[in-house]
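**Q** Before I ask anything, here is the structure I am working with.
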Amino acid sequence: MSNREKYTPGPAAGAEVRKDGDKWTLILVRELRHPPAKVWQALTDPEHLREWAPFDSDRNLGTVGTTAKLSTVGAPTPHVTETQVKRADAPKVLEYNWAGGDMRWELEPLGGGGTRLTLWTNIDRRFISMGAAGWHVCFDVLDRLLAGQPIGRIAGPEAMKFDGWQRLNAEYAKQFGLEAPNWPSRAS
């Protein structure tokens, strides 16, 4: 049985939602057992992003002013957006826009050589619990990648078919006081 087959996401945790006017922001926090420099590389290097993120990048995202094409993984039709890196303060803060939403990554060193990774991302209210579930799975994959036990990217429509994704979606919706989007289950 491969690591991927054994993978089951843990309970919904480390996420909150903020509303500012019509804008919704999903905030996800994850503590990783890896130093900020290693996490930074995973957030900026296209080869690393291909292993865990819900998009591919054609350029390294570690330099302010870089213009990159981000391709959403598993979109029914190719979805490519151009982004410009607004802030890249290695290995602390990274900001850019993906698919129309601002993204801000913060990396804080933790005792013992770990990193507290925080992601702020603007998101359509209808997709908040799905986004939280999707990023939860991506962060799990990232953690295993950094530990040298990669299980391969699980993102986009593939993630929704994965055991535990439906549960996470429902748990996050409940935590946020939202109705879980009614997506077809695996059985249908």
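Residue names in the structure tokens use chain letters A, B, ... in the order shown, residue numbers from 1 in each chain, and ligand numbers from 1 in the order shown.
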Just want the 12 Å neighbourhood of Trp98 in chain A, counted on only C-alpha atoms, with same-chain residues fewer than 2 positions away dropped. Output as a ChimeraX atom specification.
**A** /A:53-57,61,67-72,79-86,95-96,100-104,120-123
**Q** What residues in range 21-97 of chain A get the DSSP label strand (DSSP E)? Please answer as a PyMOL selection string.
**A** chain A and resi 23-32+55-57+67-72+80-84+87-89+93-97
**Q** How close does range 31-138 of chain A get to range 161-181 of chain A? List, as a tab-separated table, each residue of range 31-138 of chain A within 9 Å, its nearest atom pair and the distance in Å to one decimal, counting only C-alpha atoms.
**A**
```
residue	atom	partner	partner_atom	distance
A:Arg126	CA	A:Pro181	CA	7.2
A:Phe127	CA	A:Pro181	CA	7.5
A:Ile128	CA	A:Ala173	CA	7.7
A:Ser129	CA	A:Ala173	CA	4.9
A:Met130	CA	A:Asn169	CA	5.3
A:Gly131	CA	A:Asn169	CA	8.3
A:Ala132	CA	A:Tyr172	CA	6.8
A:Ala133	CA	A:Asn169	CA	5.2
A:Gly134	CA	A:Trp165	CA	7.5
A:His136	CA	A:Leu168	CA	8.3
A:Val137	CA	A:Trp165	CA	7.8
```
**Q** In Å, rounded to a single decimal, give me how far CA of Gly156 in chain A is from CA of Asp45 in chain A.
**A**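 Taking CA of Asp45 in chain A and CA of Gly156 in chain A, their separation equals 19.9 Å.
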**Q** Restricting the calculation to only C-alpha atoms, which member of A:Val73, A:Leu28, A:Ala99, A:Val93 is positioned closest to Trp40 in chain A?
**A**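 The closest residue to Trp40 in chain A is A:Val93.
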**Q** Which residues come within 10 Å of Arg30 in chain A, counting only C-alpha atoms, excluding same-chain residues fewer than 4 positions away, as number ranges by chain?
**A** A: 13-15, 107, 115-119, 136, 139-140, 143
**Q** Using N, CA and C atoms, can you write the selected residues to a file as a PDB file, in the first residue's frame?
**A**
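Below is the file that was written, result_34.pdb:
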```pdb
ATOM      1  N   ALA A  13      -9.085  22.047  10.815  1.00  0.00           N
ATOM      2  CA  ALA A  13      -8.491  22.863  11.876  1.00  0.00           C
ATOM      3  C   ALA A  13      -7.608  23.931  11.252  1.00  0.00           C
ATOM      4  N   GLY A  14      -7.351  24.991  12.017  1.00  0.00           N
ATOM      5  CA  GLY A  14      -6.386  25.990  11.596  1.00  0.00           C
ATOM      6  C   GLY A  14      -6.867  26.920  10.501  1.00  0.00           C
ATOM      7  N   ALA A  15      -8.182  27.068  10.378  1.00  0.00           N
ATOM      8  CA  ALA A  15      -8.700  27.955   9.334  1.00  0.00           C
ATOM      9  C   ALA A  15      -9.727  28.911   9.920  1.00  0.00           C
ATOM     10  N   LEU A 107       5.631  33.253   6.689  1.00  0.00           N
ATOM     11  CA  LEU A 107       6.390  32.169   7.299  1.00  0.00           C
ATOM     12  C   LEU A 107       7.046  32.705   8.559  1.00  0.00           C
ATOM     13  N   THR A 115       8.287  25.874  11.054  1.00  0.00           N
ATOM     14  CA  THR A 115       7.719  27.090  10.469  1.00  0.00           C
ATOM     15  C   THR A 115       6.219  27.116  10.684  1.00  0.00           C
ATOM     16  N   ARG A 116       5.708  28.288  11.103  1.00  0.00           N
ATOM     17  CA  ARG A 116       4.257  28.493  11.090  1.00  0.00           C
ATOM     18  C   ARG A 116       3.943  29.163   9.762  1.00  0.00           C
ATOM     19  N   LEU A 117       3.221  28.444   8.902  1.00  0.00           N
ATOM     20  CA  LEU A 117       2.860  28.935   7.582  1.00  0.00           C
ATOM     21  C   LEU A 117       1.428  29.448   7.627  1.00  0.00           C
ATOM     22  N   THR A 118       1.232  30.708   7.231  1.00  0.00           N
ATOM     23  CA  THR A 118      -0.115  31.282   7.193  1.00  0.00           C
ATOM     24  C   THR A 118      -0.405  31.749   5.780  1.00  0.00           C
ATOM     25  N   LEU A 119      -1.554  31.359   5.260  1.00  0.00           N
ATOM     26  CA  LEU A 119      -2.006  31.786   3.939  1.00  0.00           C
ATOM     27  C   LEU A 119      -3.274  32.606   4.106  1.00  0.00           C
ATOM     28  N   HIS A 136      -6.241  22.451   2.837  1.00  0.00           N
ATOM     29  CA  HIS A 136      -5.897  21.507   3.917  1.00  0.00           C
ATOM     30  C   HIS A 136      -5.149  20.303   3.313  1.00  0.00           C
ATOM     31  N   PHE A 139      -1.724  21.326   1.954  1.00  0.00           N
ATOM     32  CA  PHE A 139      -0.742  21.505   3.034  1.00  0.00           C
ATOM     33  C   PHE A 139      -0.257  20.153   3.565  1.00  0.00           C
ATOM     34  N   ASP A 140      -1.156  19.161   3.631  1.00  0.00           N
ATOM     35  CA  ASP A 140      -0.744  17.813   4.048  1.00  0.00           C
ATOM     36  C   ASP A 140       0.285  17.255   3.064  1.00  0.00           C
ATOM     37  N   ASP A 143       3.595  19.040   3.521  1.00  0.00           N
ATOM     38  CA  ASP A 143       4.308  18.574   4.710  1.00  0.00           C
ATOM     39  C   ASP A 143       5.041  17.267   4.412  1.00  0.00           C
TER      40      ASP A 143
END
```
**Q** Please identify which residues in chain A DSSP calls helix (DSSP H, G or I) from the backbone, and express them as an MDAnalysis selection string.
**A** chainID A and resid 3:6 36:44 46:52 111:113 125:146 157:160 165:176
**Q** For C-alpha atoms, I'd like the residues from the last selection saved as a short mmCIF file (atom, residue, chain, number, x, y, z; two decimals), in the first residue's frame.
**A**
```cif
data_model
loop_
_atom_site.label_atom_id
_atom_site.label_comp_id
_atom_site.auth_asym_id
_atom_site.auth_seq_id
_atom_site.Cartn_x
_atom_site.Cartn_y
_atom_site.Cartn_z
CA ASN A 3 1.83 6.38 1.22
CA ARG A 4 -0.79 8.00 -1.00
CA GLU A 5 -3.28 5.17 -0.43
CA LYS A 6 -2.69 5.39 3.32
CA PRO A 36 11.37 28.67 6.74
CA ALA A 37 14.03 28.55 3.98
CA LYS A 38 12.90 25.03 2.99
CA VAL A 39 9.21 26.02 3.08
CA TRP A 40 9.99 29.18 1.06
CA GLN A 41 11.57 27.08 -1.68
CA ALA A 42 8.43 24.89 -1.82
CA LEU A 43 6.27 28.06 -2.19
CA THR A 44 8.36 29.66 -4.94
CA PRO A 46 8.12 25.71 -9.97
CA GLU A 47 9.43 22.14 -9.53
CA HIS A 48 8.35 22.12 -5.88
CA LEU A 49 4.97 23.75 -6.64
CA ARG A 50 4.24 20.97 -9.15
CA GLU A 51 4.47 18.45 -6.30
CA TRP A 52 1.81 19.97 -4.00
CA GLY A 111 11.29 26.75 18.07
CA GLY A 112 12.84 23.46 17.06
CA GLY A 113 13.46 24.57 13.48
CA ARG A 125 -18.09 33.11 -0.39
CA ARG A 126 -19.68 30.12 -2.13
CA PHE A 127 -16.35 28.28 -2.24
CA ILE A 128 -14.95 29.01 1.24
CA SER A 129 -15.39 25.53 2.75
CA MET A 130 -14.21 23.88 -0.48
CA GLY A 131 -11.17 26.17 -0.55
CA ALA A 132 -10.36 25.36 3.07
CA ALA A 133 -10.69 21.62 2.38
CA GLY A 134 -8.56 21.88 -0.76
CA TRP A 135 -5.77 23.87 0.90
CA HIS A 136 -5.90 21.51 3.92
CA VAL A 137 -5.10 18.58 1.58
CA CYS A 138 -2.44 20.62 -0.28
CA PHE A 139 -0.74 21.51 3.03
CA ASP A 140 -0.74 17.81 4.05
CA VAL A 141 0.91 16.93 0.72
CA LEU A 142 3.40 19.81 1.21
CA ASP A 143 4.31 18.57 4.71
CA ARG A 144 5.01 15.06 3.39
CA LEU A 145 7.01 16.44 0.44
CA LEU A 146 9.21 18.49 2.79
CA PRO A 157 -11.25 17.83 -9.09
CA GLU A 158 -8.98 14.93 -8.07
CA ALA A 159 -8.95 16.17 -4.47
CA MET A 160 -12.76 16.21 -4.39
CA TRP A 165 -12.34 15.67 1.20
CA GLN A 166 -16.15 15.60 1.48
CA ARG A 167 -15.83 15.29 5.27
CA LEU A 168 -13.39 18.23 5.43
CA ASN A 169 -15.67 20.33 3.23
CA ALA A 170 -18.59 19.66 5.58
CA GLU A 171 -16.48 20.23 8.73
CA TYR A 172 -15.16 23.56 7.50
CA ALA A 173 -18.63 24.67 6.38
CA LYS A 174 -19.92 23.88 9.89
CA GLN A 175 -17.00 25.71 11.55
CA PHE A 176 -17.61 28.78 9.40
#
```
**Q** Have a look at A:Asp124, A:Asn97, A:Thr8, A:Thr63 and name the one nearest to Lys23 in chain A; count only C-alpha atoms.
**A** A:Asp124
**Q** With distances taken over only C-alpha atoms, which of A:Thr25, A:Ser2, A:Gln149, A:Thr66 is nearest to Ala88 in chain A?
**A**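 Looking at the shortest contact to Ala88 in chain A, the residue is A:Thr66.
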